[in-house]
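Right, one structure below, let's go through it.
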Amino acid sequence: MSIASKPKVIIAAIACRPYVEAAVACGYTVVAIDAFVDVEVRDLAESCYQLELSHGQLNMQQLMQVINGLDLNQFIGFCYGAGFEKKPEMLTKINTLLPVIGNLEQAVSRCKAPNDFFSVCGQLQVPYPKVMFSQPSNTDGWLRKEIGASGGSHIKRLTDAQTTQIDAAYYQQFQAGKAVSCLFIANKNGVQVVGFNEQFISEANATPFRYGGAVSHVAMSDVAKANFEHYVGTLSKAIGLVGINSCDAICDGDDIYILEINPRLSATMALYEDCQLFEQHMAAVAGEIVVVNQACKRSHAEQIIYAERAVVIKGDIIWPKWINDRPKAGSLIEEGMPVCTVVAEAETAEHVKRLVNERAVEISRDFLN
């Protein structure tokens with residue numbers, strides 16, 4: 001299919017800018033649905049719809065109203081990122097209206113139900129930090145995680161003061177090491193690793209493990225990379241994953257401890273913008289063999305800037321070219337919500353980490369005070 005004839009796709013996510021960018025770069029026309037509708041999304045998408053967030057997920061009633069109001073005959077299918085973890089059954093509902101291009105309800109449920117996911121890990125001898133489904137009596141060194149949540153804001157250190165049981169929670173032992181992720185493409189033939197990334201933590205008092213961004217081409221030993229790829233391939237085959245997925249883990253020397261698989265489009269796709277990943281996603285879901293372009297040798301980083309207090313975006317801001325996810329002028333950004341994303345690239349991961357941090361300090365000092 002030539003670029004000129006590629007039809008429209010719907011892309012929905014809590015924040016879908018990386019996916020809209022990737023799709024448009026491959027020639028697709030996009031209708032975007034997300035919770036922020038930042039400037040880049042407005043510029044790139046043919047049209048966009050803003051939804052409210054409901055318990056950290058997309059408002060599904062509003063989502064269905066948008067979908068039902070579109071002429072679905074125009075679209076080749078529906079792609080998605082974060083926002084469906086607690087309601088994977090919505091993918092089945094949407095799939096009756098137009099094809100979901102990605103993992104369906106069963107695969108998402110297996111990944112996001114921790115009792116099922118870690119049971120699979122155990123059966124396949126895939127290492128992971130110890131998990132419990134009732135609060136441990138000795139809370140030292142344990143974390144509490146909300147089932148079906150995303151973005152890390154839900155992860156809390158478990159202390160003796162936390163005695164209230166939460167139905168939709170599980171408990172995981174803290175594992176020392178480097179927070180890493182693997183971006184990969186899956187189909188029935190196996191997995192193709194796109195890249196290994198280091199994850200940033202944007203720590204705040206109430207959110208000590210909030211996701212702060214990532215950097216590509218993280219320094220890891222060859223043994224660690226081989227272990228990570230083996231675990232991802234083994235789990236992917238067992239669960240039946242297709243298309244773009246990402247896996248979060250802790251790297252401690254040569255050892256990899258799996259935390260979770262996100263069976264959906266991943267924000268780290270933006271770190272590999274030259275790899276035609278959206279086209280690869282479409283091909284993999286269709287069952288075609290994909291070969292990842294390994295030309296993306298430079299390291300890329302993205303760092304999210306969160307509001308430390310409520311802030312109104314001034315109308316006269318001239319944003320630097322290294323800013324993504326720009327809010328429109330006049331937007332009120334509540335405390336703790338993302339304001340924008342700083343981007344950078346350099347020859348190595350260590351260099352780009354320093355550069356993106358310097359830019360983050362600059363944008364916070366000059367634009368948000």
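If you're wondering about the labels, chains in the structure tokens are A, B, ... by order shown, residues count from 1 in each chain, ligands from 1 in order shown.
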Report task. As a VMD selection string, please: all residues of range 78-325 of chain A that backbone DSSP puts in strand (DSSP E or B). Result -> chain A and resid 78 to 80 100 131 to 132 142 to 146 156 to 157 169 to 173 178 to 187 190 to 201 211 to 216 243 to 252 255 to 262 299 to 306 311 to 312 323 to 324
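Closest approach to Val24 in chain A from the set A:Cys121, A:Ile11, A:Leu143, A:Val285 is made by A:Ile11, with distances taken over only C-alpha atoms.
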Report task. Identify which of the residues A:Ser119, A:Leu44, A:Gly83, A:Glu308 lies closest to Arg365 in chain A, counting only C-alpha atoms when measuring atom-to-atom distances. Result -> A:Glu308
Query raised in the report: Do you know which residues are at most 9 Å from range 223-227 of chain A counting only C-alpha atoms, after dropping those on the same chain fewer than 2 positions away, and could you put them as number ranges by chain?
Result: A: 196, 220-221, 229-232, 251-256
Next, dump the selected residues to file, keeping only all heavy atoms, as an mmCIF file, in the first residue's frame.
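Output file selection33.cif is given in full below:
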data_model
loop_
_atom_site.group_PDB
_atom_site.id
_atom_site.type_symbol
_atom_site.label_atom_id
_atom_site.label_comp_id
_atom_site.auth_asym_id
_atom_site.auth_seq_id
_atom_site.Cartn_x
_atom_site.Cartn_y
_atom_site.Cartn_z
ATOM 1 N N PHE A 196 16.926 -1.158 24.229
ATOM 2 C CA PHE A 196 16.887 -1.210 25.688
ATOM 3 C C PHE A 196 17.045 0.220 26.214
ATOM 4 O O PHE A 196 17.920 0.967 25.758
ATOM 5 C CB PHE A 196 18.014 -2.094 26.224
ATOM 6 C CG PHE A 196 17.940 -3.523 25.763
ATOM 7 C CD1 PHE A 196 18.774 -3.987 24.748
ATOM 8 C CD2 PHE A 196 17.028 -4.400 26.320
ATOM 9 C CE1 PHE A 196 18.723 -5.300 24.322
ATOM 10 C CE2 PHE A 196 16.961 -5.726 25.906
ATOM 11 C CZ PHE A 196 17.804 -6.175 24.901
ATOM 12 N N MET A 220 24.180 -1.605 29.318
ATOM 13 C CA MET A 220 23.922 -2.875 29.991
ATOM 14 C C MET A 220 24.905 -3.897 29.440
ATOM 15 O O MET A 220 25.352 -3.792 28.302
ATOM 16 C CB MET A 220 22.484 -3.360 29.735
ATOM 17 C CG MET A 220 21.393 -2.484 30.316
ATOM 18 S SD MET A 220 19.743 -2.941 29.677
ATOM 19 C CE MET A 220 19.653 -4.677 30.100
ATOM 20 N N SER A 221 25.238 -4.890 30.256
ATOM 21 C CA SER A 221 26.143 -5.933 29.780
ATOM 22 C C SER A 221 25.463 -6.761 28.696
ATOM 23 O O SER A 221 24.233 -6.823 28.601
ATOM 24 C CB SER A 221 26.554 -6.839 30.938
ATOM 25 O OG SER A 221 25.464 -7.663 31.339
ATOM 26 N N GLU A 229 16.213 -10.137 26.534
ATOM 27 C CA GLU A 229 15.578 -10.528 25.275
ATOM 28 C C GLU A 229 14.974 -11.927 25.380
ATOM 29 O O GLU A 229 13.873 -12.181 24.864
ATOM 30 C CB GLU A 229 16.592 -10.476 24.135
ATOM 31 C CG GLU A 229 15.995 -10.807 22.780
ATOM 32 C CD GLU A 229 16.928 -10.503 21.621
ATOM 33 O OE1 GLU A 229 18.059 -10.024 21.857
ATOM 34 O OE2 GLU A 229 16.509 -10.749 20.458
ATOM 35 N N HIS A 230 15.662 -12.829 26.058
ATOM 36 C CA HIS A 230 15.132 -14.190 26.226
ATOM 37 C C HIS A 230 13.831 -14.165 27.027
ATOM 38 O O HIS A 230 12.845 -14.816 26.643
ATOM 39 C CB HIS A 230 16.166 -15.067 26.922
ATOM 40 C CG HIS A 230 15.640 -16.412 27.330
ATOM 41 N ND1 HIS A 230 15.276 -17.391 26.424
ATOM 42 C CD2 HIS A 230 15.392 -16.932 28.569
ATOM 43 C CE1 HIS A 230 14.832 -18.454 27.070
ATOM 44 N NE2 HIS A 230 14.894 -18.207 28.369
ATOM 45 N N TYR A 231 13.812 -13.419 28.127
ATOM 46 C CA TYR A 231 12.607 -13.369 28.959
ATOM 47 C C TYR A 231 11.444 -12.749 28.189
ATOM 48 O O TYR A 231 10.299 -13.227 28.256
ATOM 49 C CB TYR A 231 12.871 -12.556 30.224
ATOM 50 C CG TYR A 231 13.966 -13.112 31.112
ATOM 51 C CD1 TYR A 231 14.723 -12.258 31.916
ATOM 52 C CD2 TYR A 231 14.259 -14.473 31.151
ATOM 53 C CE1 TYR A 231 15.730 -12.745 32.733
ATOM 54 C CE2 TYR A 231 15.262 -14.981 31.956
ATOM 55 C CZ TYR A 231 15.996 -14.106 32.745
ATOM 56 O OH TYR A 231 17.005 -14.587 33.559
ATOM 57 N N VAL A 232 11.718 -11.670 27.453
ATOM 58 C CA VAL A 232 10.672 -11.000 26.686
ATOM 59 C C VAL A 232 10.111 -11.945 25.626
ATOM 60 O O VAL A 232 8.894 -12.045 25.430
ATOM 61 C CB VAL A 232 11.240 -9.704 26.042
ATOM 62 C CG1 VAL A 232 10.362 -9.232 24.899
ATOM 63 C CG2 VAL A 232 11.378 -8.607 27.087
ATOM 64 N N CYS A 251 17.544 -3.973 36.331
ATOM 65 C CA CYS A 251 18.814 -4.575 35.937
ATOM 66 C C CYS A 251 19.805 -4.427 37.086
ATOM 67 O O CYS A 251 20.089 -3.313 37.531
ATOM 68 C CB CYS A 251 19.353 -3.904 34.675
ATOM 69 S SG CYS A 251 20.963 -4.507 34.133
ATOM 70 N N ASP A 252 20.324 -5.547 37.560
ATOM 71 C CA ASP A 252 21.323 -5.558 38.629
ATOM 72 C C ASP A 252 22.507 -6.379 38.133
ATOM 73 O O ASP A 252 22.505 -7.615 38.231
ATOM 74 C CB ASP A 252 20.724 -6.146 39.904
ATOM 75 C CG ASP A 252 21.685 -6.086 41.084
ATOM 76 O OD1 ASP A 252 22.675 -5.337 40.989
ATOM 77 O OD2 ASP A 252 21.445 -6.779 42.086
ATOM 78 N N GLY A 253 23.490 -5.687 37.553
ATOM 79 C CA GLY A 253 24.610 -6.403 36.939
ATOM 80 C C GLY A 253 24.130 -7.168 35.718
ATOM 81 O O GLY A 253 23.547 -6.594 34.806
ATOM 82 N N ASP A 254 24.359 -8.479 35.696
ATOM 83 C CA ASP A 254 23.891 -9.311 34.590
ATOM 84 C C ASP A 254 22.464 -9.810 34.798
ATOM 85 O O ASP A 254 21.890 -10.427 33.888
ATOM 86 C CB ASP A 254 24.809 -10.522 34.417
ATOM 87 C CG ASP A 254 26.194 -10.156 33.912
ATOM 88 O OD1 ASP A 254 26.340 -9.066 33.317
ATOM 89 O OD2 ASP A 254 27.134 -10.950 34.141
ATOM 90 N N ASP A 255 21.913 -9.567 35.965
ATOM 91 C CA ASP A 255 20.596 -10.110 36.312
ATOM 92 C C ASP A 255 19.481 -9.156 35.926
ATOM 93 O O ASP A 255 19.581 -7.936 36.117
ATOM 94 C CB ASP A 255 20.520 -10.403 37.802
ATOM 95 C CG ASP A 255 21.502 -11.479 38.249
ATOM 96 O OD1 ASP A 255 21.737 -12.408 37.452
ATOM 97 O OD2 ASP A 255 22.035 -11.369 39.363
ATOM 98 N N ILE A 256 18.386 -9.712 35.404
ATOM 99 C CA ILE A 256 17.195 -8.956 35.022
ATOM 100 C C ILE A 256 16.008 -9.498 35.815
ATOM 101 O O ILE A 256 15.775 -10.714 35.850
ATOM 102 C CB ILE A 256 16.912 -9.094 33.512
ATOM 103 C CG1 ILE A 256 18.029 -8.457 32.688
ATOM 104 C CG2 ILE A 256 15.561 -8.476 33.157
ATOM 105 C CD1 ILE A 256 18.109 -6.952 32.771
#
Requested in this report: Name the residues in contact with range 29-37 of chain A at a cut-off of 6 Å, using only C-alpha atoms, excluding same-chain residues fewer than 5 positions from it; report them as a PyMOL selection string.
Outcome: chain A and resi 8-15+45-52
**Report entry** Within 8 Å of Pro99 in chain A using only C-alpha atoms, minus same-chain residues under 6 positions, as a list in words
**Finding:** Ile76, Gly77 and Phe78 of chain A
Query - Surrounding residues of Val180 in chain A excluding itself and chain neighbours under 2 positions, 10 Å, only C-alpha atoms, as a ChimeraX atom specification - result: /A:177-178,182,196-200,214-216,218,220,228,247-251,256-259
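Distances here use only C-alpha atoms; by that measure, the residue among A:Glu345, A:Phe209, A:Asp316, A:Ala169 closest to Leu271 in chain A is A:Glu345.
Nearest to Ile313 in chain A of all the residues A:Asn95, A:Asn293, A:Gln192, A:Ser331 is A:Ser331, based on only C-alpha atoms.
What separates CA of Cys79 in chain A from CA of Gly102 in chain A is a distance of 6.5 Å.
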Requested in this report: Determine which residues of range 174-269 of chain A receive a DSSP assignment of helix (DSSP H, G or I), computed from the backbone, and state them as a ChimeraX atom specification.
Outcome: /A:222-239,267-269
With N, CA, C and O atoms retained, could you export that selection as a PDB file, in the first residue's frame?
ATOM      1  N   ASP A 222      26.265  -7.403  27.874  1.00  0.00           N
ATOM      2  CA  ASP A 222      25.715  -8.274  26.833  1.00  0.00           C
ATOM      3  C   ASP A 222      24.913  -9.415  27.442  1.00  0.00           C
ATOM      4  O   ASP A 222      23.905  -9.859  26.875  1.00  0.00           O
ATOM      5  N   VAL A 223      25.363  -9.884  28.602  1.00  0.00           N
ATOM      6  CA  VAL A 223      24.634 -10.961  29.279  1.00  0.00           C
ATOM      7  C   VAL A 223      23.259 -10.480  29.722  1.00  0.00           C
ATOM      8  O   VAL A 223      22.243 -11.167  29.537  1.00  0.00           O
ATOM      9  N   ALA A 224      23.208  -9.281  30.298  1.00  0.00           N
ATOM     10  CA  ALA A 224      21.923  -8.724  30.738  1.00  0.00           C
ATOM     11  C   ALA A 224      20.984  -8.537  29.551  1.00  0.00           C
ATOM     12  O   ALA A 224      19.789  -8.853  29.633  1.00  0.00           O
ATOM     13  N   LYS A 225      21.503  -8.019  28.436  1.00  0.00           N
ATOM     14  CA  LYS A 225      20.669  -7.823  27.250  1.00  0.00           C
ATOM     15  C   LYS A 225      20.146  -9.160  26.733  1.00  0.00           C
ATOM     16  O   LYS A 225      18.967  -9.280  26.364  1.00  0.00           O
ATOM     17  N   ALA A 226      21.010 -10.164  26.712  1.00  0.00           N
ATOM     18  CA  ALA A 226      20.586 -11.484  26.234  1.00  0.00           C
ATOM     19  C   ALA A 226      19.524 -12.080  27.152  1.00  0.00           C
ATOM     20  O   ALA A 226      18.539 -12.679  26.681  1.00  0.00           O
ATOM     21  N   ASN A 227      19.705 -11.923  28.462  1.00  0.00           N
ATOM     22  CA  ASN A 227      18.701 -12.413  29.404  1.00  0.00           C
ATOM     23  C   ASN A 227      17.368 -11.705  29.198  1.00  0.00           C
ATOM     24  O   ASN A 227      16.303 -12.340  29.162  1.00  0.00           O
ATOM     25  N   PHE A 228      17.444 -10.372  29.078  1.00  0.00           N
ATOM     26  CA  PHE A 228      16.225  -9.578  28.910  1.00  0.00           C
ATOM     27  C   PHE A 228      15.487 -10.009  27.640  1.00  0.00           C
ATOM     28  O   PHE A 228      14.266 -10.237  27.647  1.00  0.00           O
ATOM     29  N   GLU A 229      16.213 -10.137  26.534  1.00  0.00           N
ATOM     30  CA  GLU A 229      15.578 -10.528  25.275  1.00  0.00           C
ATOM     31  C   GLU A 229      14.974 -11.927  25.380  1.00  0.00           C
ATOM     32  O   GLU A 229      13.873 -12.181  24.864  1.00  0.00           O
ATOM     33  N   HIS A 230      15.662 -12.829  26.058  1.00  0.00           N
ATOM     34  CA  HIS A 230      15.132 -14.190  26.226  1.00  0.00           C
ATOM     35  C   HIS A 230      13.831 -14.165  27.027  1.00  0.00           C
ATOM     36  O   HIS A 230      12.845 -14.816  26.643  1.00  0.00           O
ATOM     37  N   TYR A 231      13.812 -13.419  28.127  1.00  0.00           N
ATOM     38  CA  TYR A 231      12.607 -13.369  28.959  1.00  0.00           C
ATOM     39  C   TYR A 231      11.444 -12.749  28.189  1.00  0.00           C
ATOM     40  O   TYR A 231      10.299 -13.227  28.256  1.00  0.00           O
ATOM     41  N   VAL A 232      11.718 -11.670  27.453  1.00  0.00           N
ATOM     42  CA  VAL A 232      10.672 -11.000  26.686  1.00  0.00           C
ATOM     43  C   VAL A 232      10.111 -11.945  25.626  1.00  0.00           C
ATOM     44  O   VAL A 232       8.894 -12.045  25.430  1.00  0.00           O
ATOM     45  N   GLY A 233      11.000 -12.651  24.939  1.00  0.00           N
ATOM     46  CA  GLY A 233      10.540 -13.581  23.913  1.00  0.00           C
ATOM     47  C   GLY A 233       9.725 -14.725  24.479  1.00  0.00           C
ATOM     48  O   GLY A 233       8.703 -15.126  23.912  1.00  0.00           O
ATOM     49  N   THR A 234      10.164 -15.256  25.614  1.00  0.00           N
ATOM     50  CA  THR A 234       9.462 -16.370  26.253  1.00  0.00           C
ATOM     51  C   THR A 234       8.071 -15.947  26.719  1.00  0.00           C
ATOM     52  O   THR A 234       7.075 -16.656  26.488  1.00  0.00           O
ATOM     53  N   LEU A 235       7.995 -14.790  27.373  1.00  0.00           N
ATOM     54  CA  LEU A 235       6.705 -14.300  27.860  1.00  0.00           C
ATOM     55  C   LEU A 235       5.781 -13.934  26.705  1.00  0.00           C
ATOM     56  O   LEU A 235       4.571 -14.217  26.743  1.00  0.00           O
ATOM     57  N   SER A 236       6.333 -13.305  25.687  1.00  0.00           N
ATOM     58  CA  SER A 236       5.527 -12.892  24.543  1.00  0.00           C
ATOM     59  C   SER A 236       4.869 -14.089  23.872  1.00  0.00           C
ATOM     60  O   SER A 236       3.681 -14.056  23.538  1.00  0.00           O
ATOM     61  N   LYS A 237       5.639 -15.145  23.702  1.00  0.00           N
ATOM     62  CA  LYS A 237       5.091 -16.348  23.075  1.00  0.00           C
ATOM     63  C   LYS A 237       4.009 -16.975  23.936  1.00  0.00           C
ATOM     64  O   LYS A 237       2.952 -17.389  23.430  1.00  0.00           O
ATOM     65  N   ALA A 238       4.231 -17.030  25.242  1.00  0.00           N
ATOM     66  CA  ALA A 238       3.261 -17.661  26.143  1.00  0.00           C
ATOM     67  C   ALA A 238       1.954 -16.880  26.207  1.00  0.00           C
ATOM     68  O   ALA A 238       0.864 -17.464  26.299  1.00  0.00           O
ATOM     69  N   ILE A 239       2.059 -15.550  26.170  1.00  0.00           N
ATOM     70  CA  ILE A 239       0.867 -14.708  26.299  1.00  0.00           C
ATOM     71  C   ILE A 239       0.198 -14.471  24.951  1.00  0.00           C
ATOM     72  O   ILE A 239      -1.003 -14.212  24.880  1.00  0.00           O
ATOM     73  N   ALA A 267       5.434   4.875  25.056  1.00  0.00           N
ATOM     74  CA  ALA A 267       5.998   6.217  24.896  1.00  0.00           C
ATOM     75  C   ALA A 267       7.446   6.176  24.437  1.00  0.00           C
ATOM     76  O   ALA A 267       7.936   7.123  23.809  1.00  0.00           O
ATOM     77  N   THR A 268       8.154   5.064  24.711  1.00  0.00           N
ATOM     78  CA  THR A 268       9.562   4.980  24.309  1.00  0.00           C
ATOM     79  C   THR A 268       9.726   4.813  22.797  1.00  0.00           C
ATOM     80  O   THR A 268      10.850   4.863  22.296  1.00  0.00           O
ATOM     81  N   MET A 269       8.625   4.664  22.072  1.00  0.00           N
ATOM     82  CA  MET A 269       8.712   4.684  20.608  1.00  0.00           C
ATOM     83  C   MET A 269       9.345   5.986  20.124  1.00  0.00           C
ATOM     84  O   MET A 269      10.030   6.007  19.095  1.00  0.00           O
TER      85      MET A 269
END
Query raised in the report: Can you tell me how far CA of Met337 in chain A sits from CA of Asn103 in chain A, in Å to one decimal?
Result: 28.3 Å
Query - Spatial neighbours of Met60 in chain A, max dist 9 Å, only C-alpha atoms, sep filter under 2 positions, as a VMD selection string - result: chain A and resid 51 54 57 to 58 62 to 65 84 87 90
Query - Selected residue of minimal separation from Pro114 in chain A among A:Gly148, A:Pro18, A:Pro263, A:Pro136, counting only C-alpha atoms - result: A:Gly148
Report task. Find the residue from A:Glu203, A:Ile323, A:Ala82, A:His300 that sits nearest to Glu362 in chain A; use only C-alpha atoms when measuring. Result -> A:Ile323
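Across the structure, CA of Asp116 in chain A and CA of Ser246 in chain A are spaced 17.9 Å apart.
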